[in-house]
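The structure appears right after this line, and notes come after that.
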Amino acid sequence: MEALLSVLAQAAAEPIDLRPIGAGLAISVGAIGPGIGIGLLVAKALEALGRNPEAENAIRTNMILGIAFAEAIAIYALIVGVIIAFVL
């Protein structure tokens with residue numbers, strides 16, 4: 001019992017490093033929005049192609065631009081996570 005108490009006292013005396021948890025949260029929460037956005041964007045593009053196949057080039061171009069912009073936000077979240085993990 002005394003050994004357990006000494007281990008718990010030693011663990012309580014040392015600070016807990018929360019940087020990995022913060023980095024993981026930043027990356028995971030930052031990737032949820034772009035993931036949902038890309039899924040909705042592709043779904044609506046396919047729906048538009050089904051309704052108007054002649055506009056394929058314009059729809060594809062706009063879809064790729066939208067995916068690139070949404071993916072850029074996920075990359076920002078990744079960079080924030082790396083900064084939290086290794087710099088702060």
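Please note that chains go A, B, ... in the order of the structure tokens, that every chain numbers its residues from 1, and that ligands are numbered from 1 in the order shown.
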Excluding Gly22 in chain A and any residue of its chain fewer than 6 positions from it, enumerate the residues within 8 Å of it, using only C-alpha atoms, and give them as a list in words. Gly81, Ile84 and Ala85 of chain A
With C-alpha atoms retained, could you export that selection as a PDB file, in the first residue's frame?
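Writing done, so here's part20.pdb:
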```
ATOM      1  CA  GLY A  81      -1.018  20.701 -34.524  1.00  0.00           C
ATOM      2  CA  ILE A  84       1.599  22.802 -30.707  1.00  0.00           C
ATOM      3  CA  ALA A  85       3.471  19.510 -30.567  1.00  0.00           C
TER       4      ALA A  85
END
```
At a cut-off of 12 Å, using only C-alpha atoms, what residues contact Ala48 in chain A? Leave out same-chain residues fewer than 3 positions from it and give the result as a list in words.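 The contact residues come out as Leu41, Val42, Ala43, Lys44, Ala45, Arg51, Asn52, Pro53, Glu54, Ala55, Glu56, Asn57, Ala58, Ile59, Arg60, Asn62 and Met63 of chain A.
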Just to be explicit: take each residue in the selection above, keep N, CA and C atoms, and write the result as a PDB file, in the first residue's frame.
```pdb
ATOM      1  N   LEU A  41     -19.589  18.625 -51.059  1.00  0.00           N
ATOM      2  CA  LEU A  41     -19.265  19.230 -52.351  1.00  0.00           C
ATOM      3  C   LEU A  41     -19.293  18.204 -53.469  1.00  0.00           C
ATOM      4  N   VAL A  42     -18.689  17.057 -53.244  1.00  0.00           N
ATOM      5  CA  VAL A  42     -18.680  16.009 -54.272  1.00  0.00           C
ATOM      6  C   VAL A  42     -20.090  15.469 -54.490  1.00  0.00           C
ATOM      7  N   ALA A  43     -20.853  15.316 -53.432  1.00  0.00           N
ATOM      8  CA  ALA A  43     -22.226  14.819 -53.584  1.00  0.00           C
ATOM      9  C   ALA A  43     -23.061  15.773 -54.429  1.00  0.00           C
ATOM     10  N   LYS A  44     -22.950  17.063 -54.164  1.00  0.00           N
ATOM     11  CA  LYS A  44     -23.724  18.036 -54.933  1.00  0.00           C
ATOM     12  C   LYS A  44     -23.226  18.137 -56.369  1.00  0.00           C
ATOM     13  N   ALA A  45     -21.913  17.973 -56.575  1.00  0.00           N
ATOM     14  CA  ALA A  45     -21.383  17.996 -57.945  1.00  0.00           C
ATOM     15  C   ALA A  45     -21.906  16.807 -58.742  1.00  0.00           C
ATOM     16  N   ARG A  51     -28.151  15.970 -63.316  1.00  0.00           N
ATOM     17  CA  ARG A  51     -29.219  16.827 -63.833  1.00  0.00           C
ATOM     18  C   ARG A  51     -28.832  17.508 -65.141  1.00  0.00           C
ATOM     19  N   ASN A  52     -27.548  17.852 -65.281  1.00  0.00           N
ATOM     20  CA  ASN A  52     -27.102  18.603 -66.453  1.00  0.00           C
ATOM     21  C   ASN A  52     -25.740  18.078 -66.913  1.00  0.00           C
ATOM     22  N   PRO A  53     -25.710  16.990 -67.665  1.00  0.00           N
ATOM     23  CA  PRO A  53     -24.424  16.406 -68.077  1.00  0.00           C
ATOM     24  C   PRO A  53     -23.614  17.297 -69.016  1.00  0.00           C
ATOM     25  N   GLU A  54     -24.256  18.236 -69.696  1.00  0.00           N
ATOM     26  CA  GLU A  54     -23.532  19.095 -70.632  1.00  0.00           C
ATOM     27  C   GLU A  54     -22.595  20.065 -69.911  1.00  0.00           C
ATOM     28  N   ALA A  55     -22.857  20.352 -68.658  1.00  0.00           N
ATOM     29  CA  ALA A  55     -22.045  21.308 -67.894  1.00  0.00           C
ATOM     30  C   ALA A  55     -20.922  20.610 -67.129  1.00  0.00           C
ATOM     31  N   GLU A  56     -20.466  19.482 -67.638  1.00  0.00           N
ATOM     32  CA  GLU A  56     -19.473  18.681 -66.904  1.00  0.00           C
ATOM     33  C   GLU A  56     -18.180  19.448 -66.657  1.00  0.00           C
ATOM     34  N   ASN A  57     -17.661  20.149 -67.641  1.00  0.00           N
ATOM     35  CA  ASN A  57     -16.375  20.848 -67.475  1.00  0.00           C
ATOM     36  C   ASN A  57     -16.464  21.944 -66.412  1.00  0.00           C
ATOM     37  N   ALA A  58     -17.513  22.737 -66.446  1.00  0.00           N
ATOM     38  CA  ALA A  58     -17.658  23.811 -65.464  1.00  0.00           C
ATOM     39  C   ALA A  58     -17.864  23.247 -64.062  1.00  0.00           C
ATOM     40  N   ILE A  59     -18.658  22.195 -63.957  1.00  0.00           N
ATOM     41  CA  ILE A  59     -18.915  21.594 -62.639  1.00  0.00           C
ATOM     42  C   ILE A  59     -17.643  20.976 -62.081  1.00  0.00           C
ATOM     43  N   ARG A  60     -16.887  20.275 -62.929  1.00  0.00           N
ATOM     44  CA  ARG A  60     -15.657  19.629 -62.470  1.00  0.00           C
ATOM     45  C   ARG A  60     -14.634  20.675 -62.014  1.00  0.00           C
ATOM     46  N   ASN A  62     -15.157  23.764 -60.885  1.00  0.00           N
ATOM     47  CA  ASN A  62     -15.579  24.360 -59.612  1.00  0.00           C
ATOM     48  C   ASN A  62     -15.446  23.369 -58.465  1.00  0.00           C
ATOM     49  N   MET A  63     -15.704  22.096 -58.716  1.00  0.00           N
ATOM     50  CA  MET A  63     -15.571  21.092 -57.670  1.00  0.00           C
ATOM     51  C   MET A  63     -14.112  20.959 -57.231  1.00  0.00           C
TER      52      MET A  63
END
```
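With only C-alpha atoms as the atoms that count, the residue of A:Leu65, A:Leu4, A:Ala31, A:Ala13 with the shortest distance to Ile79 in chain A is A:Ala31.
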Residue contacts of range 70-74 of chain A (9 Å, only C-alpha atoms) excluding same-chain residues fewer than 5 positions away, as an MDAnalysis selection string: chainID A and resid 27 30:35 37:38 65 79
In Å and to one decimal, CA of Ser28 in chain A is distant from CA of Ala77 in chain A by 8.3 Å
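For the atom pair formed by CA of Val80 in chain A and CA of Leu18 in chain A, the distance is 14.8 Å, given to one decimal.
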